[in-house]
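What follows is a short report on a single structure.
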Amino acid sequence: MDDPLAAALRLQSSVCAHLGSPFNAALLQAAAADPAPPLRALFAPWEGRPREALMADAVALRFVGALHDLVLDAAAPDLARFFPPHADAARAWPAALAAIEDHGARIQAFMGHEPQTNEVGRAACLLPGFLTVGRRTRLPLRCLELGASAGLNQLWPQLRYRYGAWGTWGDPASPVCLEAEWRGSPPPLGVAVTVVETAACDRAPVRLSDPAARRRLAAYVWPDQAERLERLQRAVRMALAAGVAVEAGDAVDWVRSTAAPRPGLATVIYHSVFWQYLAAGAQQALAEAIADHGAAASDDAPLAWLRMEPGAGASPFELRLSVWPGGLDCRLATVHAHGAWIDWGGLAD
Ligand SMILES: C[S@@+](CC[C@H](N)C(=O)[O-])C[C@H]1O[C@@H](n2cnc3c(N)ncnc32)[C@H](O)[C@@H]1O
């Protein structure tokens with residue numbers, strides 16, 4: 001019977017290859033081919049678990065993230081020599097095995113944390129959703145983010161967006177410029193919106209003031225995706241300068257206490273790649289909490305629920321919007337998981 005750890009490493013390798021990280025793919029292939037005792041010891045907390053459980057806990061990503069963290073911290077120069085930008089996975093693997101011998105406890109400690117990412121590229125998908133709310137309600141926006149991680153997507157009003165020949169939106173001088181391919185119907189870019197309030201919650205906020213937390217966030221960006229890493233570093237600097245804050249709390253309680261509609265504002269509850277982390281009961285409780293606020297909404301105090309989440313089955317990610325009052329509930333677009341493209345359907349009206 002196949003070894004579940006080797007099988008999980010192999011499967012993650014093919015996912016990395018498919019999603020544009022040949023370097024991580026090669027490291028994980030090498031690990032799967034030779035799960036020697038020091039490597040296996042890193043995965044001791046998952047001993048005896050089936051491949052599906054190892055994938056659900058993203059153990060292979062924790063492992064390559066831990067190696068990247070060592071490199072970013074300049075703690076393993078012999079490994080760093082073979083990491084991007086001079087990527088040489090064949091030589092990196094023996095260096096990784098040596099790093100496991102030297103830094104096993106540190107790698108294990110890293111792997112003990114739940115993986116956490118914050119992809120600012122997703123703002124390129126959320127933006128046309130916010131603009132749609134602005135155009136529909138003609139009110140200033142109050143934006144409340146759930147599962148915000150480090151809170152980088154709260155920066156969305158301050159970023160620059162380029163959608164190919166369709167045009168641009170936002171501050172031309174912004175340190176973060178997101179480029180996304182636009183497909184489908186024309187984008188709603190001619191809308192000016194005012195954002196009067198932003199707030200966010202996460203059950204485990206990433207504290208950007210902590211250098212180790214910042215490095216951990218960067219470590220989970222795949223090392224051969226330099227553009228994403230650069231974008232993240234720029235967004236982190238912006239967030240630190242702007243004092244972006246994320247409250248610690250469970251999304252259901254936070255929505256109940258924070259998201260009641262307010263007169264003269266369009267309250268927008270939004271999230272990206274968050275829903276799947278909730279248990280089925282919590283998903284239902286959150287949907288009910290939002291719908292309860294929706295029932296109290298009015299034309300002068302509307303509520304919108306904007307979300308970018310995986311579609312059902314094998315379909316791509318989707319941007320969906322519900323608005324109260326009025327009963328709108330629709331898919332605005334299918335989108336790339338990191339914001340590389342948007343296939344826009346928009347609203348029929
Ligand atoms: C994959 S991250 C996505 C972060 C960010 N939205 C993005 O798109 O980059 C999912 C986030 O959801 C948070 N989360 C999961 N369950 C939660 C809950 N019940 N309440 C609040 N946050 C939660 C996690 O801590 C994590 O930061």
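Residues in the structure tokens are numbered from 1 in each chain, the chains being A, B, ... in the order shown, and ligands are numbered from 1 in the order shown.
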Please produce, as CSV, a per-residue contact table for chain A versus ligand 1 (criterion: any atom at most 10 Å away, only C-alpha atoms and all ligand atoms considered), showing the nearest atom pair and its distance in Å to one decimal, sorted by chain then residue number.
residue,atom,partner,partner_atom_place_in_ligand_line,distance
A:Glu114,CA,ligand 1,25 (O),8.4
A:Pro115,CA,ligand 1,1 (C),8.0
A:Gln116,CA,ligand 1,2 (S),5.6
A:Thr117,CA,ligand 1,2 (S),5.4
A:Asn118,CA,ligand 1,9 (O),3.1
A:Glu119,CA,ligand 1,9 (O),3.9
A:Val120,CA,ligand 1,9 (O),6.3
A:Gly121,CA,ligand 1,9 (O),8.4
A:Arg122,CA,ligand 1,8 (O),6.4
A:Ala123,CA,ligand 1,8 (O),8.5
A:Glu145,CA,ligand 1,6 (N),7.8
A:Leu146,CA,ligand 1,21 (C),6.0
A:Gly147,CA,ligand 1,12 (O),3.6
A:Ala148,CA,ligand 1,6 (N),4.4
A:Ser149,CA,ligand 1,27 (O),3.6
A:Ala150,CA,ligand 1,27 (O),7.3
A:Gly151,CA,ligand 1,5 (C),7.3
A:Leu152,CA,ligand 1,9 (O),7.5
A:Asn153,CA,ligand 1,7 (C),7.1
A:Gln154,CA,ligand 1,6 (N),9.8
A:Ala200,CA,ligand 1,21 (C),9.2
A:Cys201,CA,ligand 1,21 (C),6.0
A:Asp202,CA,ligand 1,22 (N),3.6
A:Arg203,CA,ligand 1,21 (C),4.0
A:Ala204,CA,ligand 1,25 (O),4.7
A:Pro205,CA,ligand 1,27 (O),6.3
A:Val206,CA,ligand 1,27 (O),7.3
A:Glu247,CA,ligand 1,21 (C),9.3
A:Ala248,CA,ligand 1,21 (C),7.7
A:Gly249,CA,ligand 1,21 (C),5.9
A:Asp250,CA,ligand 1,20 (N),3.7
A:Ala251,CA,ligand 1,20 (N),3.9
A:Val252,CA,ligand 1,20 (N),6.8
A:Asp253,CA,ligand 1,20 (N),8.5
A:Trp254,CA,ligand 1,20 (N),8.3
A:Val255,CA,ligand 1,20 (N),9.8
A:Tyr270,CA,ligand 1,6 (N),9.0
A:His271,CA,ligand 1,6 (N),5.7
A:Ser272,CA,ligand 1,8 (O),4.3
A:Val273,CA,ligand 1,3 (C),5.0
A:Phe274,CA,ligand 1,10 (C),4.4
A:Trp275,CA,ligand 1,16 (N),7.5
A:Gln276,CA,ligand 1,15 (C),8.1
A:Tyr277,CA,ligand 1,15 (C),4.9
A:Leu278,CA,ligand 1,16 (N),5.3
A:Ala279,CA,ligand 1,19 (N),8.3
A:Ala282,CA,ligand 1,19 (N),7.2
A:Gln283,CA,ligand 1,19 (N),8.8
A:Leu286,CA,ligand 1,19 (N),9.1
A:Arg307,CA,ligand 1,6 (N),9.8
A:Met308,CA,ligand 1,8 (O),8.2
A:Glu309,CA,ligand 1,8 (O),9.0
A:Ala337,CA,ligand 1,8 (O),9.0
A:His338,CA,ligand 1,8 (O),8.5
Apply DSSP to the structure's backbone, then extract all residues of region 21-189 of chain A labelled alpha helix (DSSP H) and return them as number ranges by chain. A: 22-33, 37-42, 51-56, 59-72, 77-80, 89-111, 123-137
So that I can see what lies close to region 170-184 of chain A, please list as a ChimeraX atom specification the residues with an atom at most 6 Å from it, counting only C-alpha atoms and leaving out residues fewer than 6 positions away in the same chain. /A:159-163,340-344
Write out as a PyMOL selection string which residues come within 10 Å of region 226-230 of chain A when counting only C-alpha atoms, dropping same-chain ones fewer than 3 positions away. chain A and resi 84-85+119-121+176+217-223+233-236+338
Export, as a compact mmCIF listing (two decimals), in the first residue's frame, the selected residues with C-alpha atoms.
# COMPACT_ATOMS: atom_id res chain seq x y z
CA PRO A 84 15.17 31.44 -6.48
CA PRO A 85 16.29 33.68 -8.09
CA GLU A 119 -3.20 37.59 -1.16
CA VAL A 120 -3.57 41.26 -2.05
CA GLY A 121 -4.02 40.36 -5.75
CA VAL A 176 0.84 48.60 -5.26
CA LEU A 217 3.28 35.40 5.58
CA ALA A 218 5.99 35.80 2.94
CA ALA A 219 7.20 32.21 3.45
CA TYR A 220 3.83 30.91 2.30
CA VAL A 221 4.22 32.70 -1.02
CA TRP A 222 5.94 30.22 -3.31
CA PRO A 223 9.58 31.22 -3.69
CA GLN A 233 6.08 43.24 0.61
CA ARG A 234 4.79 46.48 -0.88
CA ALA A 235 1.31 45.92 0.53
CA VAL A 236 2.75 45.11 3.96
CA HIS A 338 -4.94 35.19 -7.05
Within region 25-231 of chain A, find each residue whose DSSP state, derived from the backbone, is strand (DSSP E or B), and express the selection as a short mmCIF file (atom, residue, chain, number, x, y, z; two decimals) with C-alpha atoms, in the first residue's frame.
data_model
loop_
_atom_site.label_atom_id
_atom_site.label_comp_id
_atom_site.auth_asym_id
_atom_site.auth_seq_id
_atom_site.Cartn_x
_atom_site.Cartn_y
_atom_site.Cartn_z
CA LEU A 141 -19.35 52.52 1.58
CA ARG A 142 -18.65 51.03 4.98
CA CYS A 143 -16.51 47.94 4.32
CA LEU A 144 -16.30 45.07 6.81
CA GLU A 145 -13.92 42.20 6.02
CA LEU A 146 -14.21 38.69 7.47
CA ARG A 160 -3.91 51.06 -8.47
CA TYR A 161 -5.66 48.66 -10.84
CA ARG A 162 -4.92 47.99 -14.51
CA THR A 168 -7.45 51.70 -14.84
CA TRP A 169 -8.86 52.62 -11.47
CA GLY A 170 -7.35 54.14 -8.34
CA CYS A 177 -0.42 48.25 -8.82
CA LEU A 178 -2.49 45.17 -9.63
CA GLU A 179 -2.60 44.03 -13.24
CA GLU A 181 -6.73 40.41 -17.48
CA TRP A 182 -10.36 41.45 -18.04
CA ARG A 183 -12.68 39.05 -19.88
CA GLY A 184 -16.40 39.18 -20.58
CA VAL A 195 -15.15 54.63 1.57
CA VAL A 196 -15.93 56.15 4.96
CA GLU A 197 -15.02 53.22 7.18
CA THR A 198 -13.09 49.96 6.97
CA ALA A 199 -12.88 47.30 9.67
CA ALA A 200 -11.94 43.63 9.72
CA CYS A 201 -11.86 40.55 11.88
CA ASP A 202 -9.97 37.27 11.91
#
What are the nearest atom pairs, with distances in Å to one decimal, for all residues of region 202-297 of chain A that come at most 12 Å from region 315-335 of chain A, using only C-alpha atoms, set out by chain and rising residue number as CSV?
residue,atom,partner,partner_atom,distance
A:Ala260,CA,A:Trp324,CA,11.8
A:Pro261,CA,A:Trp324,CA,9.8
A:Ala266,CA,A:Val323,CA,9.7
A:Thr267,CA,A:Val323,CA,9.8
A:Val268,CA,A:Val323,CA,9.0
A:Ile269,CA,A:Ser322,CA,9.9
A:Tyr270,CA,A:Leu321,CA,9.2
A:His271,CA,A:Leu319,CA,10.0
A:Ser272,CA,A:Leu319,CA,8.9
A:Val273,CA,A:Phe317,CA,9.0
A:Ala287,CA,A:Ser322,CA,11.1
A:Ile290,CA,A:Trp324,CA,10.0
A:Ala291,CA,A:Trp324,CA,8.6
A:Asp292,CA,A:Trp324,CA,10.3
A:His293,CA,A:Trp324,CA,8.8
A:Gly294,CA,A:Trp324,CA,5.2
A:Ala295,CA,A:Trp324,CA,7.2
A:Ala296,CA,A:Pro325,CA,8.5
A:Ala297,CA,A:Pro325,CA,5.9
Do you know which residues are at most 10 Å from Pro35 (chain A) counting only C-alpha atoms, after dropping those on the same chain fewer than 3 positions away, and could you put them as a ChimeraX atom specification? /A:3,5-6,9,30-32,38-41
Measure the distance from CA of Ala312 (chain A) to CA of Arg231 (chain A) in Å and round it to one decimal. 29.1 Å
Determine, using only C-alpha atoms, which residues of region 62-126 of chain A have any atom at most 12 Å from an atom of region 130-138 of chain A, and tabulate each with its shortest atom pair and distance in Å to one decimal place, rows ordered by chain and then rising number, as a tab-separated table.
residue	atom	partner	partner_atom	distance
A:Ala123	CA	A:Phe130	CA	9.9
A:Ala124	CA	A:Phe130	CA	10.6
A:Cys125	CA	A:Phe130	CA	9.6
A:Leu126	CA	A:Phe130	CA	6.4
Pull C-alpha atoms from the residues just selected and write them as a PDB file, in the first residue's frame.
ATOM      1  CA  ALA A 123      -8.435  43.039  -4.481  1.00  0.00           C
ATOM      2  CA  ALA A 124      -8.425  43.155  -8.306  1.00  0.00           C
ATOM      3  CA  CYS A 125     -11.408  40.784  -8.229  1.00  0.00           C
ATOM      4  CA  LEU A 126     -13.179  42.473  -5.308  1.00  0.00           C
TER       5      LEU A 126
END
Can you build me a table of region 100-212 of chain A residues sitting at most 9 Å from region 60-64 of chain A, with the closest atom pair per residue and its distance in Å to one decimal, using only C-alpha atoms, sorted by chain and residue number, as a Markdown table?
| residue | atom | partner | partner_atom | distance |
| --- | --- | --- | --- | --- |
| A:Ile107 | CA | A:Phe63 | CA | 7.4 |
| A:Gln108 | CA | A:Phe63 | CA | 8.4 |
| A:Phe110 | CA | A:Arg62 | CA | 7.4 |
| A:Met111 | CA | A:Arg62 | CA | 5.1 |
| A:Gly112 | CA | A:Arg62 | CA | 8.2 |
| A:His113 | CA | A:Arg62 | CA | 8.2 |
| A:Glu114 | CA | A:Arg62 | CA | 8.1 |
| A:Pro115 | CA | A:Arg62 | CA | 6.5 |
Take the residues from that selection and write them out as a compact mmCIF listing (two decimals), in the first residue's frame, keeping N, CA and C atoms.
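This is the output file part39.txt:
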# COMPACT_ATOMS: atom_id res chain seq x y z
N ILE A 107 11.95 24.02 12.16
CA ILE A 107 11.05 23.64 11.06
C ILE A 107 9.76 23.04 11.64
N GLN A 108 9.93 22.19 12.64
CA GLN A 108 8.73 21.58 13.25
C GLN A 108 7.84 22.63 13.91
N PHE A 110 7.55 25.75 13.03
CA PHE A 110 6.87 26.46 11.94
C PHE A 110 5.68 25.64 11.46
N MET A 111 5.93 24.33 11.28
CA MET A 111 4.89 23.47 10.73
C MET A 111 3.72 23.26 11.70
N GLY A 112 3.95 23.57 12.97
CA GLY A 112 2.88 23.41 13.96
C GLY A 112 1.80 24.48 13.85
N HIS A 113 2.10 25.60 13.18
CA HIS A 113 1.09 26.67 13.00
C HIS A 113 0.22 26.34 11.79
N GLU A 114 -1.04 26.72 11.89
CA GLU A 114 -1.91 26.61 10.72
C GLU A 114 -1.39 27.54 9.61
N PRO A 115 -1.32 27.08 8.36
CA PRO A 115 -0.86 27.98 7.30
C PRO A 115 -1.78 29.18 7.17
Work out how far CA of Val15 (chain A) is from CA of Ala76 (chain A), in Å to one decimal.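 Value for the CA of Ala76 (chain A)-CA of Val15 (chain A) distance: 26.1 Å.
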What is the CA of Asp57 (chain A)-CA of Ala109 (chain A) distance in Å, reported with one decimal? 15.0 Å
Option closest in space to Leu189 (chain A), from A:Gly346, A:Ala36, A:Ala239, A:Gly339 [counting only C-alpha atoms]: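 Ranking A:Gly346, A:Ala36, A:Ala239, A:Gly339 by distance to Leu189 (chain A), first place goes to A:Gly346.
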